[in-house]
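Novice: Have a look at the structure that comes next, please.
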Amino acid sequence: MYKNILVINTMHIGDLMLVTPALRTLRTNYPEAHIALLTDKPLGDLVRCNENLDECILIDKHGKDKGLFALVRFIRKIRARHFDLVINFHRNERASAIAAFSGGKRIVGYSQPGFKRFFDKVMPNLAMADTPPELVKHQVLCHLDVLKEAVGVKTIDDRGLEMMLPPEEEAKAAALWQQEFAPGAKVIAFNIGASWRTKRWLDSYFAACADRFIREGYDIAFMGGPTDVPLVEQCRAQMEEQEHVHVFTGKVSLTVLAGLLRRCSLFLTTDSGPMHVGVAMNVPIVTMFGASPVPTFYPYDGKDVLIKTPEKCHPCGIHECPRKGQDNMACMKNIPVDVVMKYAEELLAAHDGAPAYEWPPHPGDYKCRVIEL
């Protein structure tokens, strides 16, 4: 029985959310263990209240822990903790090095080739772009395979993506909601940004959807981070309706954003970190996929809808579309507004536009509906 466990995932918002079913499974199998999660400092609030964790260890990889010498100092601190199980859920050099030299009695998970010999068992991450199509699995299932095959857990306790909000952040979200929205307002959240341009549906299409929702009696809430502000401004400039629009883009923390999402009736979003936060908040999602492989990163919730086009280059996995003229970004251009609205309105009708926190749970149903045009 492991008593002191370290889980490593130092990547992005969505990647961290996709680890949460593995954290739940570890807690179920090792109820008395001290379970620590090592993650990137800006993401700490997403997991610091996770009931399956005893501790969050934060690495400031863009600040005081940046660079080789700082990494060595950080690894020394990890070694001093004497973990008896170290699980690496991120296959980059930094995470692989931390795991490899952690001093853990047993070290398992994903690894870069140069560090494999320091692991007790290395597992393939079958959600990566270089995975043969017949072997591809969703990232959550890959993580659970690590626990089954490399750790030896007996029980998989997958309750979907989970995020427990810090009480003070939930209070901020509640106060902001009361300030911004009329009592009884039904709100559609929009996230129009994404880390890659090839993941973004057209802002003019988002604008058309927003206009139609407003005319149907909904308020619109724009979400996203500071880098999404220009995109939201461009989108709003193309909208005909300007009332009942609320912009939280770049103005709230990730945890307050999550608190707002759980009060929304629907989330219209790109493939992005906030999409996975929305899944954890139980908000119904309609998402449009371009560059990303659907089987590995679809929203992990059976009620959600993913729309894609049958472009031969999908999934390209690249940041800028190399195709020219009308074929440029065809994967996104060819997802019509009418199709997105059709599935959005179906989801809204299913529960009469109720907020996400009123939607019933459906444990075990995590494969979203995929619409291929």
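In the structure tokens, each chain is lettered A, B, ... as it comes, each chain's residues begin at 1, and ligands are numbered from 1 in order of appearance.
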Counting only C-alpha atoms, which residues of range 204-234 of chain A sit at most 9 Å from some atom of range 334-353 of chain A, and what is each one's closest atom pair with its distance in Å to one decimal, listed by chain and rising residue number, as a tab-separated table?
Specialist:
```
residue	atom	partner	partner_atom	distance
A:Tyr205	CA	A:Val337	CA	5.9
A:Phe206	CA	A:Val337	CA	7.9
A:Ala208	CA	A:Val337	CA	7.2
A:Cys209	CA	A:Val337	CA	6.6
A:Arg212	CA	A:Met341	CA	8.6
A:Phe213	CA	A:Met341	CA	8.8
```
Novice: Using DSSP secondary structure from the backbone, list all strand (DSSP E) positions within range 86-300 of chain A, as an NGL selection string.
Specialist: :A and (86-88 or 107-109 or 121-122 or 187-191 or 219-222 or 245-247 or 266-270 or 285-288)
Novice: Find the residue from A:Gly109, A:Gly67, A:Pro167, A:Gly217 that sits nearest to Leu147 in chain A; use only C-alpha atoms when measuring.
Specialist: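 With only C-alpha atoms as the atom set, the closest residue is A:Gly109.
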Novice: Find, counting only C-alpha atoms, the residue in A:Val136, A:Ala356, A:Leu38, A:Cys368 that gets nearest to Phe267 in chain A.
Specialist: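 Nearest candidate to Phe267 in chain A out of A:Val136, A:Ala356, A:Leu38, A:Cys368: A:Ala356.
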Novice: Using only C-alpha atoms, which residue out of A:His319, A:Arg262, A:Arg106, A:His246 lies closest to Gly290 in chain A?
Specialist: A:His319
Novice: Mind listing the helix (DSSP H, G or I) residues of range 116-170 of chain A, per DSSP on the backbone, as an MDAnalysis selection string?
Specialist: chainID A and resid 116:118 133:135 139:151 167:170
Novice: Go ahead and write the selection's residues with C-alpha atoms as a PDB file, in the first residue's frame.
Specialist:
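Contents of selection_27.pdb, as written:
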```pdb
ATOM      1  CA  LYS A 116      12.748   6.191 -19.519  1.00  0.00           C
ATOM      2  CA  ARG A 117      15.519   4.189 -17.867  1.00  0.00           C
ATOM      3  CA  PHE A 118      14.795   5.947 -14.546  1.00  0.00           C
ATOM      4  CA  PRO A 133      -5.746   5.725 -35.225  1.00  0.00           C
ATOM      5  CA  GLU A 134      -6.765   2.204 -34.209  1.00  0.00           C
ATOM      6  CA  LEU A 135      -5.098   2.643 -30.794  1.00  0.00           C
ATOM      7  CA  GLN A 139      -6.853  11.309 -22.480  1.00  0.00           C
ATOM      8  CA  VAL A 140      -8.872  10.459 -19.352  1.00  0.00           C
ATOM      9  CA  LEU A 141      -8.879   6.762 -20.283  1.00  0.00           C
ATOM     10  CA  CYS A 142      -5.129   6.834 -20.934  1.00  0.00           C
ATOM     11  CA  HIS A 143      -4.529   8.186 -17.430  1.00  0.00           C
ATOM     12  CA  LEU A 144      -6.754   5.490 -15.933  1.00  0.00           C
ATOM     13  CA  ASP A 145      -4.807   2.851 -17.892  1.00  0.00           C
ATOM     14  CA  VAL A 146      -1.630   4.063 -16.173  1.00  0.00           C
ATOM     15  CA  LEU A 147      -3.267   3.477 -12.807  1.00  0.00           C
ATOM     16  CA  LYS A 148      -4.496   0.006 -13.788  1.00  0.00           C
ATOM     17  CA  GLU A 149      -1.391  -1.286 -15.516  1.00  0.00           C
ATOM     18  CA  ALA A 150       1.495   0.590 -13.885  1.00  0.00           C
ATOM     19  CA  VAL A 151       0.170   1.199 -10.367  1.00  0.00           C
ATOM     20  CA  PRO A 167     -15.529  29.077  -1.096  1.00  0.00           C
ATOM     21  CA  GLU A 168     -14.291  32.651  -1.456  1.00  0.00           C
ATOM     22  CA  GLU A 169     -14.207  32.321  -5.274  1.00  0.00           C
ATOM     23  CA  GLU A 170     -17.715  30.865  -5.348  1.00  0.00           C
TER      24      GLU A 170
END
```
Novice: Env of range 303-317 of chain A: 7 Å cut, atoms = only C-alpha atoms, seq-sep filter 4 positions within chain, self excluded. Answer as a ChimeraX atom specification.
Specialist: /A:284-293,299,331,334-335,368-373
Novice: Keeping N, CA, C and O atoms, export the residues of the selection given above as a short mmCIF file (atom, residue, chain, number, x, y, z; two decimals), in the first residue's frame.
Specialist:
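Result saved to selection00.cif:
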```
data_model
loop_
_atom_site.label_atom_id
_atom_site.label_comp_id
_atom_site.auth_asym_id
_atom_site.auth_seq_id
_atom_site.Cartn_x
_atom_site.Cartn_y
_atom_site.Cartn_z
N PRO A 284 -24.11 22.28 -20.09
CA PRO A 284 -24.22 21.66 -21.41
C PRO A 284 -23.35 22.42 -22.42
O PRO A 284 -23.35 23.66 -22.45
N ILE A 285 -22.66 21.68 -23.26
CA ILE A 285 -21.67 22.27 -24.16
C ILE A 285 -21.97 21.92 -25.61
O ILE A 285 -22.32 20.78 -25.94
N VAL A 286 -21.82 22.91 -26.47
CA VAL A 286 -21.72 22.69 -27.92
C VAL A 286 -20.36 23.24 -28.32
O VAL A 286 -20.05 24.40 -28.07
N THR A 287 -19.55 22.38 -28.92
CA THR A 287 -18.20 22.78 -29.31
C THR A 287 -17.92 22.43 -30.76
O THR A 287 -18.47 21.46 -31.29
N MET A 288 -17.06 23.22 -31.40
CA MET A 288 -16.68 23.01 -32.78
C MET A 288 -15.20 22.64 -32.83
O MET A 288 -14.36 23.39 -32.34
N PHE A 289 -14.89 21.46 -33.42
CA PHE A 289 -13.51 20.97 -33.44
C PHE A 289 -12.89 21.16 -34.82
O PHE A 289 -13.50 20.80 -35.83
N GLY A 290 -11.65 21.67 -34.82
CA GLY A 290 -10.91 21.83 -36.06
C GLY A 290 -9.63 21.03 -36.03
O GLY A 290 -9.55 19.90 -36.51
N ALA A 291 -8.57 21.62 -35.42
CA ALA A 291 -7.25 21.00 -35.47
C ALA A 291 -7.10 19.79 -34.56
O ALA A 291 -6.24 18.93 -34.80
N SER A 292 -7.89 19.70 -33.52
CA SER A 292 -7.68 18.67 -32.49
C SER A 292 -8.32 17.34 -32.87
O SER A 292 -9.40 17.30 -33.47
N PRO A 293 -7.68 16.22 -32.46
CA PRO A 293 -8.30 14.91 -32.68
C PRO A 293 -9.49 14.71 -31.75
O PRO A 293 -9.38 14.88 -30.54
N PRO A 299 -15.24 16.78 -25.26
CA PRO A 299 -15.76 17.09 -23.91
C PRO A 299 -16.29 15.81 -23.25
O PRO A 299 -17.12 15.11 -23.82
N CYS A 331 -12.12 23.71 -42.13
CA CYS A 331 -12.71 22.89 -41.07
C CYS A 331 -13.65 23.70 -40.19
O CYS A 331 -14.63 23.17 -39.66
N ASN A 334 -16.77 25.66 -42.61
CA ASN A 334 -17.83 24.78 -43.10
C ASN A 334 -18.71 24.20 -42.00
O ASN A 334 -19.46 23.26 -42.23
N ILE A 335 -18.60 24.77 -40.80
CA ILE A 335 -19.56 24.46 -39.74
C ILE A 335 -20.55 25.62 -39.67
O ILE A 335 -20.23 26.69 -39.15
N CYS A 368 -19.35 12.11 -25.50
CA CYS A 368 -20.22 13.14 -26.04
C CYS A 368 -20.77 12.72 -27.41
O CYS A 368 -20.27 11.79 -28.05
N ARG A 369 -21.79 13.43 -27.85
CA ARG A 369 -22.38 13.18 -29.16
C ARG A 369 -21.53 13.89 -30.21
O ARG A 369 -21.29 15.10 -30.10
N VAL A 370 -21.08 13.16 -31.23
CA VAL A 370 -20.24 13.75 -32.28
C VAL A 370 -21.06 13.87 -33.55
O VAL A 370 -21.60 12.88 -34.06
N ILE A 371 -21.16 15.09 -34.06
CA ILE A 371 -21.89 15.37 -35.31
C ILE A 371 -20.86 15.65 -36.40
O ILE A 371 -20.15 16.65 -36.35
N GLU A 372 -20.78 14.76 -37.37
CA GLU A 372 -19.86 14.98 -38.49
C GLU A 372 -20.68 15.39 -39.70
O GLU A 372 -21.55 14.63 -40.16
N LEU A 373 -20.44 16.58 -40.19
CA LEU A 373 -21.25 17.15 -41.27
C LEU A 373 -20.91 16.51 -42.62
O LEU A 373 -19.82 16.01 -42.83
#
```
Novice: For each of A:Arg159, A:Arg215, A:Arg263, A:His138, take the minimum atom-to-atom distance to Pro295 in chain A, counting only C-alpha atoms, then give the residue where this is smallest.
Specialist: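 Closest residue, counting only C-alpha atoms: A:His138.
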Novice: Do you have the CA of Gly184 in chain A-CA of Phe222 in chain A distance handy?
Specialist: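 Result for CA of Gly184 in chain A versus CA of Phe222 in chain A: 18.6 Å, one decimal.
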Novice: What's around Tyr110 in chain A at 12 Å? Count only C-alpha atoms, leave out sequence neighbours fewer than 4 positions away in its own chain, and write the answer as an NGL selection string.
Specialist: :A and (7-9 or 86-100 or 114-128 or 142-143 or 145-147 or 150)
Novice: How many Å lie between CA of Tyr298 in chain A and CA of Lys137 in chain A, rounded to one decimal?
Specialist: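 Straight-line distance from CA of Tyr298 in chain A to CA of Lys137 in chain A works out to 10.6 Å.
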Novice: Which one of A:Ser204, A:Thr296, A:Asn328, A:Ser272 sits closest to Thr131 in chain A if you count only C-alpha atoms?
Specialist: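 Nearest candidate to Thr131 in chain A out of A:Ser204, A:Thr296, A:Asn328, A:Ser272: A:Thr296.
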Novice: Which residues of range 77-166 of chain A come within 7 Å of range 43-53 of chain A, and what is each one's closest atom pair and distance in Å (one decimal), counting only C-alpha atoms, sorted by chain and residue number, as CSV?
Specialist:
```
residue,atom,partner,partner_atom,distance
A:Met163,CA,A:Asn50,CA,6.5
A:Met164,CA,A:Asn50,CA,5.4
A:Leu165,CA,A:Cys49,CA,6.4
A:Pro166,CA,A:Cys49,CA,5.9
```
Novice: So, with only C-alpha atoms as the atoms that count, which of A:Tyr357, A:Phe83, A:Tyr366, A:Tyr2 lies closest to Pro21 in chain A?
Specialist: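 Among the listed residues, A:Tyr366 lies closest to Pro21 in chain A.
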